[in-house]
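> This is the content of run25.cif (mmCIF, C-alpha atoms):
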data_model
#
loop_
_atom_site.label_atom_id
_atom_site.label_comp_id
_atom_site.auth_asym_id
_atom_site.auth_seq_id
_atom_site.Cartn_x
_atom_site.Cartn_y
_atom_site.Cartn_z
CA MET A 911 -19.11 95.30 -80.27
CA ALA A 912 -18.58 91.62 -80.09
CA ARG A 913 -19.87 89.89 -76.92
CA ARG A 914 -17.36 87.94 -74.70
CA SER A 915 -17.74 84.21 -74.73
CA GLU A 916 -19.14 82.86 -71.49
CA THR A 917 -17.07 79.69 -71.68
CA SER A 918 -13.83 81.59 -70.92
CA ALA A 919 -14.88 81.97 -67.34
CA LEU A 920 -14.86 78.25 -66.73
CA PRO A 921 -11.89 76.78 -64.82
CA GLY A 922 -9.21 75.65 -67.24
CA ASN A 923 -10.74 77.56 -70.10
CA ASP A 924 -9.06 80.93 -69.48
CA GLY A 925 -6.50 80.60 -72.28
CA ARG A 926 -3.66 79.68 -69.90
CA TRP A 927 -3.07 76.52 -71.75
CA PHE A 928 -2.18 78.41 -74.90
CA LEU A 929 0.28 80.68 -73.11
CA GLU A 930 1.87 77.62 -71.50
CA LEU A 931 2.09 75.93 -74.87
CA ILE A 932 3.97 78.79 -76.54
CA GLY A 933 6.24 79.21 -73.51
CA VAL A 934 5.04 82.58 -72.27
CA ILE A 935 4.31 81.19 -68.76
CA GLU A 936 5.50 78.06 -66.93
CA SER A 937 3.16 75.15 -66.71
CA GLU A 938 1.91 73.92 -63.31
CA PRO A 939 3.52 70.69 -62.14
CA GLU A 940 1.55 67.53 -62.44
CA SER A 941 0.79 65.33 -59.44
CA THR A 942 3.51 62.80 -60.26
CA ALA A 943 6.01 65.60 -60.74
CA THR A 944 5.09 66.91 -57.29
CA TYR A 945 5.86 63.52 -55.73
CA ALA A 946 9.16 63.40 -57.60
CA THR A 947 10.07 66.81 -56.23
CA LEU A 948 9.24 65.70 -52.66
CA GLU A 949 11.52 62.73 -53.03
CA THR A 950 14.43 65.02 -53.81
CA LEU A 951 13.93 67.04 -50.63
CA VAL A 952 16.51 66.43 -47.88
CA PRO A 953 14.99 66.02 -44.38
CA PRO A 954 16.21 68.45 -41.71
CA PRO A 955 18.98 67.25 -39.39
CA VAL A 956 17.96 65.57 -36.12
CA ALA A 957 18.99 66.62 -32.65
CA ASP A 958 21.40 63.68 -32.10
CA ASP A 959 23.37 64.53 -35.30
CA SER A 960 22.62 61.14 -36.88
CA THR A 961 23.14 61.05 -40.62
CA THR A 962 20.21 58.77 -41.46
CA VAL A 963 16.67 59.17 -40.27
CA SER A 964 13.92 56.70 -40.84
CA ALA A 965 10.58 57.73 -42.21
CA GLY A 966 8.92 57.19 -38.83
CA ALA A 967 11.58 59.25 -37.04
CA ALA A 968 11.24 62.07 -39.60
CA THR A 969 7.51 62.14 -39.07
CA ALA A 970 7.98 62.34 -35.32
CA GLU A 971 10.58 65.09 -35.79
CA VAL A 972 8.29 67.18 -37.95
CA ALA A 973 5.49 66.76 -35.44
CA GLY A 974 7.83 67.80 -32.66
CA ALA A 975 8.99 70.84 -34.60
CA LEU A 976 5.42 71.98 -35.03
CA LEU A 977 4.90 71.82 -31.30
CA ALA A 978 8.26 73.40 -30.35
CA GLU A 979 8.66 77.04 -29.40
CA PRO A 980 10.14 79.26 -32.07
CA THR A 981 13.59 80.69 -31.51
CA PRO A 982 14.24 84.45 -31.48
CA ASN A 983 15.18 84.17 -35.14
CA GLY A 984 11.77 82.72 -35.88
CA GLU A 985 13.13 79.23 -36.55
CA PHE A 986 11.77 76.08 -35.01
CA VAL A 987 14.14 73.69 -33.26
CA PRO A 988 13.15 70.09 -34.04
CA LEU A 989 12.81 67.66 -31.18
CA ALA A 990 14.96 64.59 -30.88
CA PRO A 991 13.47 61.30 -32.10
CA GLY A 992 11.18 59.72 -29.46
CA ALA A 993 10.79 62.96 -27.52
CA PHE A 994 7.26 63.47 -28.77
CA THR A 995 6.27 59.92 -27.82
CA ALA A 996 7.84 60.27 -24.39
CA ALA A 997 6.08 63.60 -23.82
CA ALA A 998 2.76 62.23 -24.98
CA THR A 999 2.94 59.26 -22.62
CA ALA A 1000 4.65 60.85 -19.62
CA ASP A 1001 1.43 61.32 -17.71
CA GLY A 1002 -0.23 58.08 -18.86
CA PRO A 1003 -0.13 54.57 -17.20
CA ARG A 1004 3.20 52.79 -17.62
CA ARG A 1005 3.38 49.07 -18.44
CA ARG A 1006 5.19 47.11 -15.73
CA PRO A 1007 7.65 44.42 -16.76
CA VAL A 1008 6.47 40.85 -15.94
CA TRP A 1009 9.66 38.90 -16.68
CA TRP A 1010 10.52 38.71 -12.99
CA ILE A 1011 7.27 36.84 -12.26
CA SER A 1012 8.18 34.10 -14.72
CA GLY A 1013 11.67 33.97 -13.27
CA LEU A 1014 10.30 33.64 -9.75
CA LEU A 1015 7.96 30.83 -10.75
CA LEU A 1016 10.81 29.04 -12.48
CA LEU A 1017 12.95 29.44 -9.38
CA VAL A 1018 10.20 28.02 -7.16
CA LEU A 1019 9.72 25.09 -9.53
CA VAL A 1020 13.41 24.32 -9.63
CA GLY A 1021 13.61 24.59 -5.86
CA ALA A 1022 10.66 22.26 -5.33
CA LEU A 1023 12.16 19.77 -7.75
CA GLY A 1024 15.49 19.91 -5.95
CA VAL A 1025 13.84 19.42 -2.57
CA GLY A 1026 11.86 16.48 -3.96
CA ILE A 1027 14.95 14.88 -5.44
CA TYR A 1028 16.70 15.23 -2.09
CA LEU A 1029 13.88 14.32 0.31
CA LEU A 1030 11.79 11.70 -1.49
CA PRO A 1031 14.53 9.03 -1.65
CA ARG A 1032 15.29 9.66 2.01
CA ALA A 1033 11.62 9.30 2.92
CA SER A 1034 11.44 6.07 0.91
CA ASP A 1035 14.49 4.70 2.71
CA GLN A 1036 12.99 5.63 6.07
CA ASP A 1037 9.73 3.86 5.22
CA ALA A 1038 11.68 0.80 4.13
CA ALA A 1039 13.64 0.86 7.39
CA VAL A 1040 10.41 1.00 9.42
CA LEU A 1041 8.98 -1.89 7.42
CA ALA A 1042 12.18 -3.90 7.88
CA SER A 1043 11.95 -3.34 11.63
CA GLN A 1044 8.39 -4.67 11.62
CA HIS A 1045 9.54 -7.79 9.79
CA ARG A 1046 12.35 -8.42 12.25
CA SER A 1047 10.07 -7.84 15.22
CA ALA A 1048 7.51 -10.34 13.92
CA MET A 1049 10.18 -13.00 13.47
CA VAL A 1050 11.68 -12.31 16.90
CA ASP A 1051 8.25 -12.72 18.52
CA MET A 1052 7.79 -16.02 16.76
CA ARG A 1053 11.26 -17.25 17.71
CA ASN A 1054 10.75 -16.31 21.36
CA GLU A 1055 7.51 -18.30 21.51
CA LEU A 1056 9.08 -21.61 20.47
CA PRO A 1057 10.49 -22.63 23.90
CA ARG A 1058 7.02 -22.34 25.37
CA THR A 1059 5.67 -24.37 22.47
CA GLN A 1060 8.21 -27.10 23.07
CA GLN A 1061 7.31 -27.23 26.76
CA ALA A 1062 3.62 -27.55 25.93
CA LEU A 1063 4.40 -30.35 23.50
CA GLY A 1064 6.31 -32.19 26.23
CA ASP A 1065 3.43 -31.87 28.71
CA LEU A 1066 0.91 -33.01 26.16
CA THR A 1067 2.78 -36.16 25.18
CA ASP A 1068 3.88 -37.16 28.70
CA PRO A 1069 1.49 -39.77 30.17
CA ALA A 1070 2.52 -38.68 33.66
CA ALA A 1071 1.84 -34.99 33.11
CA SER A 1072 -0.55 -33.39 35.57
CA PRO A 1073 -4.02 -32.34 34.47
CA GLU A 1074 -3.02 -28.71 35.16
CA ALA A 1075 -0.03 -28.96 32.82
CA VAL A 1076 -2.17 -30.51 30.09
CA SER A 1077 -4.88 -27.88 30.52
CA ALA A 1078 -2.31 -25.12 29.89
CA VAL A 1079 -1.45 -26.49 26.44
CA PRO A 1080 -4.22 -24.61 24.54
CA GLU A 1081 -2.83 -21.25 25.70
CA ALA A 1082 0.58 -22.09 24.26
CA ILE A 1083 -1.05 -23.30 21.05
CA ALA A 1084 -2.99 -20.05 20.68
CA ALA A 1085 0.14 -17.95 21.32
CA LEU A 1086 2.18 -19.77 18.64
CA SER A 1087 -0.69 -19.55 16.17
CA SER A 1088 -1.03 -15.82 16.84
CA VAL A 1089 2.63 -14.91 16.32
CA SER A 1090 2.83 -17.16 13.26
CA GLY A 1091 -0.21 -15.51 11.77
CA GLY A 1092 1.25 -12.11 12.59
CA ALA A 1093 4.45 -12.97 10.71
CA ILE A 1094 2.42 -14.05 7.68
CA ALA A 1095 0.33 -10.88 7.81
CA VAL A 1096 3.42 -8.66 7.88
CA ALA A 1097 5.12 -10.61 5.11
CA THR A 1098 2.12 -10.58 2.79
CA ALA A 1099 0.94 -7.00 3.40
CA PRO A 1100 1.14 -4.80 0.28
CA MET A 1101 4.32 -2.81 -0.06
CA PRO A 1102 3.99 0.99 0.21
CA ALA A 1103 3.69 2.76 -3.14
CA THR A 1104 6.31 5.29 -4.24
CA LEU A 1105 6.28 8.08 -6.79
CA PRO A 1106 7.77 7.41 -10.21
CA LEU A 1107 11.56 7.57 -10.38
CA VAL A 1108 11.87 7.30 -6.58
CA PRO A 1109 14.30 4.46 -5.73
CA ARG A 1110 12.75 1.33 -4.18
CA ASP A 1111 15.98 -0.41 -3.22
CA GLY A 1112 15.01 -0.54 0.45
CA PHE A 1113 11.70 -2.22 -0.31
CA ASP A 1114 13.14 -4.59 -2.89
CA SER A 1115 15.76 -5.78 -0.42
CA LEU A 1116 12.95 -7.03 1.85
CA GLU A 1117 11.57 -9.50 -0.68
CA PRO A 1118 13.76 -12.48 0.36
CA THR A 1119 12.87 -11.88 4.00
CA ARG A 1120 9.17 -11.67 3.19
CA GLU A 1121 9.26 -14.93 1.26
CA ALA A 1122 11.06 -16.68 4.12
CA MET A 1123 8.64 -15.27 6.70
CA THR A 1124 5.64 -16.54 4.77
CA ILE A 1125 7.04 -20.07 4.79
CA LEU A 1126 8.16 -19.93 8.42
CA GLY A 1127 4.85 -18.51 9.54
CA ALA A 1128 2.99 -21.31 7.77
CA THR A 1129 5.28 -23.84 9.49
CA GLY A 1130 4.54 -22.28 12.87
CA ARG A 1131 0.83 -22.49 12.24
CA ASP A 1132 1.17 -26.11 11.21
CA VAL A 1133 3.03 -26.93 14.43
CA ALA A 1134 0.33 -25.21 16.48
CA GLY A 1135 -2.35 -27.08 14.57
CA ARG A 1136 -0.71 -30.48 15.05
CA ILE A 1137 -0.30 -29.89 18.78
CA GLY A 1138 -3.96 -28.88 18.88
CA ILE A 1139 -4.95 -32.17 17.26
CA GLY A 1140 -2.90 -34.07 19.82
CA PHE A 1141 -4.57 -32.14 22.64
CA THR A 1142 -8.04 -32.96 21.27
CA TYR A 1143 -7.24 -36.68 21.06
CA ARG A 1144 -5.75 -36.83 24.54
CA THR A 1145 -8.60 -35.03 26.28
CA SER A 1146 -11.28 -36.84 24.25
CA ILE A 1147 -9.90 -40.36 24.79
CA GLU A 1148 -9.51 -39.73 28.51
CA ALA A 1149 -13.19 -38.77 28.66
CA LEU A 1150 -14.40 -41.91 26.81
CA PHE A 1151 -16.21 -44.53 28.90
CA GLY A 1152 -16.03 -42.16 31.83
CA ILE A 1153 -17.63 -44.36 34.47
CA ASP A 1154 -15.00 -45.27 37.02
CA GLY A 1155 -15.28 -47.85 39.79
CA LEU A 1156 -17.92 -50.03 38.17
CA PRO A 1157 -19.32 -52.48 40.76
CA ILE A 1158 -19.79 -56.21 40.21
CA ASP A 1159 -22.61 -56.31 42.75
CA ALA A 1160 -25.20 -53.61 43.52
CA PRO A 1161 -28.73 -53.23 44.94
CA ASP A 1162 -31.66 -52.45 42.68
CA ASP A 1163 -31.78 -48.69 43.43
CA ALA A 1164 -28.05 -48.38 42.70
CA ILE A 1165 -28.53 -50.37 39.48
CA ALA A 1166 -31.23 -47.86 38.37
CA ASP A 1167 -28.92 -44.90 38.95
CA LEU A 1168 -26.05 -46.70 37.25
CA SER A 1169 -28.25 -47.46 34.23
CA LEU A 1170 -29.02 -43.76 33.79
CA ALA A 1171 -25.37 -42.74 34.14
CA LEU A 1172 -24.26 -45.36 31.59
CA ALA A 1173 -26.86 -44.14 29.09
CA GLU A 1174 -25.59 -40.56 29.41
CA ASP A 1175 -21.99 -41.71 29.06
CA LEU A 1176 -22.87 -43.70 25.92
CA ALA A 1177 -24.26 -40.55 24.28
CA GLU A 1178 -21.22 -38.48 25.33
CA THR A 1179 -18.81 -41.15 24.06
CA GLY A 1180 -20.50 -41.24 20.67
CA ARG A 1181 -20.24 -37.45 20.38
CA LEU A 1182 -16.57 -37.34 21.38
CA ILE A 1183 -15.59 -40.00 18.84
CA ALA A 1184 -17.55 -38.28 16.08
CA ASP A 1185 -15.75 -35.02 16.82
CA LEU A 1186 -12.24 -36.48 16.63
CA PRO A 1187 -10.27 -34.66 13.89
CA GLN A 1188 -8.98 -36.63 10.93
CA ASP A 1189 -5.21 -36.98 11.16
CA ALA A 1190 -2.88 -39.57 9.72
CA GLY A 1191 -0.93 -39.83 12.97
CA PHE A 1192 -4.01 -40.74 15.00
CA VAL A 1193 -5.82 -43.15 12.66
CA ALA A 1194 -5.10 -46.16 14.86
CA VAL A 1195 -6.41 -44.31 17.91
CA ALA A 1196 -9.63 -43.36 16.18
CA GLU A 1197 -10.18 -46.94 14.97
CA ALA A 1198 -9.70 -48.44 18.45
CA ALA A 1199 -12.03 -45.86 19.99
CA THR A 1200 -14.66 -46.50 17.32
CA VAL A 1201 -14.55 -50.29 17.87
CA ALA A 1202 -14.92 -49.84 21.63
CA SER A 1203 -17.81 -47.42 21.24
CA GLN A 1204 -19.62 -49.80 18.89
CA ARG A 1205 -19.45 -52.53 21.55
CA TYR A 1206 -20.44 -50.17 24.35
CA PRO A 1207 -24.28 -50.20 23.94
CA THR A 1208 -24.43 -54.03 23.97
CA TRP A 1209 -21.90 -54.16 26.78
CA GLN A 1210 -24.10 -51.91 28.93
CA LEU A 1211 -27.13 -54.18 28.52
CA GLU A 1212 -25.09 -57.30 29.43
CA TYR A 1213 -23.49 -55.62 32.40
CA LEU A 1214 -26.73 -54.28 33.87
CA ASP A 1215 -28.42 -57.64 33.37
CA ALA A 1216 -25.57 -59.40 35.21
CA LEU A 1217 -26.01 -56.98 38.13
CA ARG A 1218 -29.74 -57.55 38.29
CA GLN A 1219 -29.22 -61.33 38.34
CA GLY A 1220 -26.52 -61.03 40.94
CA ASP A 1221 -24.01 -62.70 38.63
CA GLY A 1222 -20.85 -61.14 40.00
CA GLU A 1223 -18.57 -63.31 37.88
CA GLN A 1224 -20.22 -62.17 34.63
CA ALA A 1225 -20.31 -58.58 35.77
CA GLY A 1226 -16.61 -58.74 36.66
CA ALA A 1227 -15.73 -60.21 33.27
CA LEU A 1228 -17.61 -57.41 31.53
CA VAL A 1229 -15.85 -54.77 33.62
CA ALA A 1230 -12.49 -56.34 32.71
CA GLU A 1231 -13.45 -56.33 29.01
CA LEU A 1232 -14.22 -52.62 29.10
CA ALA A 1233 -10.99 -51.88 30.92
CA ALA A 1234 -9.01 -53.83 28.31
CA ALA A 1235 -10.66 -51.85 25.51
CA LEU A 1236 -9.77 -48.63 27.27
CA ARG A 1237 -6.16 -49.75 27.69
CA THR A 1238 -5.95 -50.51 23.99
CA VAL A 1239 -7.26 -47.09 23.03
CA ASP A 1240 -5.03 -45.39 25.61
CA SER A 1241 -1.96 -47.31 24.44
CA ARG A 1242 -2.52 -46.33 20.85
CA LEU A 1243 -3.08 -42.74 21.96
CA HIS A 1244 0.23 -42.42 23.76
CA THR A 1245 2.04 -44.18 20.92
CA ALA A 1246 0.65 -41.61 18.54
CA LEU A 1247 1.52 -38.77 20.94
CA GLY A 1248 5.09 -40.05 21.21
CA VAL A 1249 5.44 -40.05 17.43
CA LEU A 1250 3.98 -36.56 17.34
CA ARG A 1251 6.50 -35.31 19.90
CA THR A 1252 9.44 -36.76 18.02
CA GLU A 1253 8.24 -35.24 14.76
CA LEU A 1254 7.38 -31.81 16.10
CA ASP A 1255 10.49 -31.54 18.26
CA GLY A 1256 12.59 -31.73 15.11
CA VAL A 1257 10.35 -29.25 13.29
CA ILE A 1258 10.53 -26.77 16.17
CA VAL A 1259 14.33 -26.99 16.34
CA ILE A 1260 14.65 -26.41 12.59
CA LEU A 1261 12.08 -23.62 12.71
CA ALA A 1262 14.03 -21.85 15.45
CA ALA A 1263 17.27 -22.09 13.45
CA GLU A 1264 15.64 -20.82 10.27
CA LEU A 1265 14.05 -17.92 12.13
CA GLU A 1266 17.40 -16.95 13.61
CA ALA A 1267 19.01 -17.07 10.17
CA ALA A 1268 16.22 -14.96 8.67
CA ILE A 1269 16.56 -12.44 11.49
CA ASP A 1270 20.32 -12.20 10.99
CA THR A 1271 20.03 -11.64 7.23
CA ALA A 1272 17.01 -9.34 7.32
CA PRO A 1273 17.65 -5.70 6.28
CA GLU A 1274 17.84 -3.22 9.11
#
Before we go any further, please render this structure as structure tokens.

Amino acid sequence: MARRSETSALPGNDGRWFLELIGVIESEPESTATYATLETLVPPPVADDSTTVSAGAATAEVAGALLAEPTPNGEFVPLAPGAFTAAATADGPRRRPVWWISGLLLLVLVGALGVGIYLLPRASDQDAAVLASQHRSAMVDMRNELPRTQQALGDLTDPAASPEAVSAVPEAIAALSSVSGGAIAVATAPMPATLPLVPRDGFDSLEPTREAMTILGATGRDVAGRIGIGFTYRTSIEALFGIDGLPIDAPDDAIADLSLALAEDLAETGRLIADLPQDAGFVAVAEAATVASQRYPTWQLEYLDALRQGDGEQAGALVAELAAALRTVDSRLHTALGVLRTELDGVIVILAAELEAAIDTAPE
């Protein structure tokens, strides 16, 4: 008895291939044929009766059918598309929409921009109005001080003015200098800064007023300074050679006291003349005072010697010489003061008119 081959037991070596070849049995489909068969399958209908189902929806439908309860007939009812996803995520955390946050931020931004567009120009105009008021106030203060200035100028240049009236001149000078300096300070102060695109019309309209105030303030200071120079000359010249009632005859003890007083006055006279300010209007006054002071030391020696010798005639002549020198200096002083009054009176009148015009045209 022949023995059975052992190779027939191996997979694929059971003779099936021969039976398939002669057509006794059907051959098993190949892998590619299986895929072709799957492609011809029609997917089951969906719950919403749609005629076309995507591959993802079909997958979800099959998965839902596997999970669904069988019907009494043993068939499975497929779930509608998306039902499985909704069921799977029903108990999980839901993602909150954030579009309303962006919308709220945009609304706040637009609102802030609108408020800025509305309020910033108004704030700029208000600041400009406050600044304009400061400019007008500074000019009004300066204008109101000019009558007092004119009165002080009159007292200073009047030879018959009382010492009290002359002594009040420095206060008027200081007041005019202060208000003039205040006008300059306001006019030259930096303008307030504004944000970009904010109108500056209110500030720009102040520029002509500021330029005028700077000039007018400088004029006021110049007037105050010139009056101050006149005051210095008047008070200094009146103090030169300050020994009054010089005798033409005196005993020895009186001569000794007089010698000491004259020496002190000589030193004071030299200091006063050295301190006289340089001014074109008072050059003649300074020259006359300098000439008299240069003669003064020699004059003192001659005068004291005449007293010691009892030479009343010589002593009297020397006293008359000193008095003549003083009259010359005093005459030149009051001539210069008269010219100063005429000049400054006109400047003060013009300054007052220009201040009034600047006040009238200044922005409010």
> Can you tell me, as a PyMOL selection string, which residues sit within 10 Å of (-16.1, -37.2, 19.0) in the file's frame, using only C-alpha atoms?
chain A and resi 1142-1143+1146-1147+1150+1178-1187+1196+1199-1200
> Quick one: which residues end up in the PyMOL selection byres ((chain A and resi 1047-1054) around 8) for this structure, as a PyMOL selection string?
chain A and resi 1043-1046+1055-1057+1086+1089-1090+1092-1093+1096+1123+1262+1265-1266+1268-1269
> How would the residues just picked look written out with C-alpha atoms as a short mmCIF file (atom, residue, chain, number, x, y, z; two decimals), in the frame of the given file?

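Listed below is the output, part.cif:
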data_model
loop_
_atom_site.label_atom_id
_atom_site.label_comp_id
_atom_site.auth_asym_id
_atom_site.auth_seq_id
_atom_site.Cartn_x
_atom_site.Cartn_y
_atom_site.Cartn_z
CA SER A 1043 11.95 -3.34 11.63
CA GLN A 1044 8.39 -4.67 11.62
CA HIS A 1045 9.54 -7.79 9.79
CA ARG A 1046 12.35 -8.42 12.25
CA GLU A 1055 7.51 -18.30 21.51
CA LEU A 1056 9.08 -21.61 20.47
CA PRO A 1057 10.49 -22.63 23.90
CA LEU A 1086 2.18 -19.77 18.64
CA VAL A 1089 2.63 -14.91 16.32
CA SER A 1090 2.83 -17.16 13.26
CA GLY A 1092 1.25 -12.11 12.59
CA ALA A 1093 4.45 -12.97 10.71
CA VAL A 1096 3.42 -8.66 7.88
CA MET A 1123 8.64 -15.27 6.70
CA ALA A 1262 14.03 -21.85 15.45
CA LEU A 1265 14.05 -17.92 12.13
CA GLU A 1266 17.40 -16.95 13.61
CA ALA A 1268 16.22 -14.96 8.67
CA ILE A 1269 16.56 -12.44 11.49
#
> Run the PyMOL selection byres ((chain A and resi 1234-1248) around 8) mentally over the shown coordinates, then write out the matched residues as a PDB file with C-alpha atoms, in the frame of the given file, using the chain letters and numbers from the document.

ATOM      1  CA  LEU A1066       0.910 -33.010  26.160  1.00  0.00           C
ATOM      2  CA  THR A1067       2.780 -36.160  25.180  1.00  0.00           C
ATOM      3  CA  PRO A1069       1.490 -39.770  30.170  1.00  0.00           C
ATOM      4  CA  GLY A1140      -2.900 -34.070  19.820  1.00  0.00           C
ATOM      5  CA  TYR A1143      -7.240 -36.680  21.060  1.00  0.00           C
ATOM      6  CA  ARG A1144      -5.750 -36.830  24.540  1.00  0.00           C
ATOM      7  CA  ILE A1147      -9.900 -40.360  24.790  1.00  0.00           C
ATOM      8  CA  GLU A1148      -9.510 -39.730  28.510  1.00  0.00           C
ATOM      9  CA  PHE A1151     -16.210 -44.530  28.900  1.00  0.00           C
ATOM     10  CA  GLY A1191      -0.930 -39.830  12.970  1.00  0.00           C
ATOM     11  CA  PHE A1192      -4.010 -40.740  15.000  1.00  0.00           C
ATOM     12  CA  ALA A1194      -5.100 -46.160  14.860  1.00  0.00           C
ATOM     13  CA  VAL A1195      -6.410 -44.310  17.910  1.00  0.00           C
ATOM     14  CA  ALA A1198      -9.700 -48.440  18.450  1.00  0.00           C
ATOM     15  CA  ALA A1199     -12.030 -45.860  19.990  1.00  0.00           C
ATOM     16  CA  ALA A1202     -14.920 -49.840  21.630  1.00  0.00           C
ATOM     17  CA  ALA A1230     -12.490 -56.340  32.710  1.00  0.00           C
ATOM     18  CA  GLU A1231     -13.450 -56.330  29.010  1.00  0.00           C
ATOM     19  CA  LEU A1232     -14.220 -52.620  29.100  1.00  0.00           C
ATOM     20  CA  ALA A1233     -10.990 -51.880  30.920  1.00  0.00           C
ATOM     21  CA  VAL A1249       5.440 -40.050  17.430  1.00  0.00           C
ATOM     22  CA  LEU A1250       3.980 -36.560  17.340  1.00  0.00           C
ATOM     23  CA  ARG A1251       6.500 -35.310  19.900  1.00  0.00           C
ATOM     24  CA  THR A1252       9.440 -36.760  18.020  1.00  0.00           C
TER      25      THR A1252
END
> Using the chain letters and numbering of this document, enumerate as a ChimeraX atom specification the residues selected by the PyMOL selection byres ((chain A and resi 1076) around 12).
/A:1061-1075,1077-1083,1137-1138,1140-1142,1144-1145,1148
> Compile the contact shell of Leu1261 of chain A as a PyMOL selection string: residues with an atom at most 10 Å away, counting all atoms listed in the file, same-chain residues fewer than 6 positions apart removed.
chain A and resi 1052-1053+1056+1126-1127+1129-1130+1133+1255+1267
> Provide the atom CA of Thr1119 of chain A to atom CA of Ala1085 of chain A distance in Å, to one decimal place.
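About the pair atom CA of Thr1119 of chain A and atom CA of Ala1085 of chain A: they are 22.3 Å apart.
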> Name the residues in contact with segment 1162-1171 of chain A at a cut-off of 12 Å, using only C-alpha atoms, excluding same-chain residues fewer than 4 positions from it; report them as a ChimeraX atom specification.
/A:1151-1158,1175-1178,1207,1209-1220
> Could you please determine the separation between atom CA of Ile1258 of chain A and atom CA of Ala1272 of chain A in Å, to one decimal place?
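Taking atom CA of Ile1258 of chain A and atom CA of Ala1272 of chain A, their separation equals 20.6 Å.
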> Which of these residues is nearest to Leu1254 of chain A, using all atoms listed in the file: A:Ala1134, A:Ala1095, A:Ala1038, A:Ala1173?
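Comparing A:Ala1134, A:Ala1095, A:Ala1038, A:Ala1173 against Leu1254 of chain A, the winner is A:Ala1134.
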> Which residue, A:Asp1189, A:Asp1270, A:Asp1114, A:Glu1264, has the smallest gap to Met1101 of chain A when you use only C-alpha atoms?
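Of all the options, A:Asp1114 lies closest to Met1101 of chain A.
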> State, in Å with one decimal place, the distance from atom CA of Leu1116 of chain A to atom CA of Gln1060 of chain A.
29.6 Å
> Counting all atoms listed in the file, what is within 8 Å of Thr1124 of chain A, bar same-chain residues fewer than 5 positions away, as a ChimeraX atom specification?
/A:1093-1094,1097-1098
> For the selection you just gave me, I'd like the residues written to a file as a short mmCIF file (atom, residue, chain, number, x, y, z; two decimals), in the frame of the given file, keeping C-alpha atoms.

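What landed in out.cif:
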data_model
loop_
_atom_site.label_atom_id
_atom_site.label_comp_id
_atom_site.auth_asym_id
_atom_site.auth_seq_id
_atom_site.Cartn_x
_atom_site.Cartn_y
_atom_site.Cartn_z
CA ALA A 1093 4.45 -12.97 10.71
CA ILE A 1094 2.42 -14.05 7.68
CA ALA A 1097 5.12 -10.61 5.11
CA THR A 1098 2.12 -10.58 2.79
#
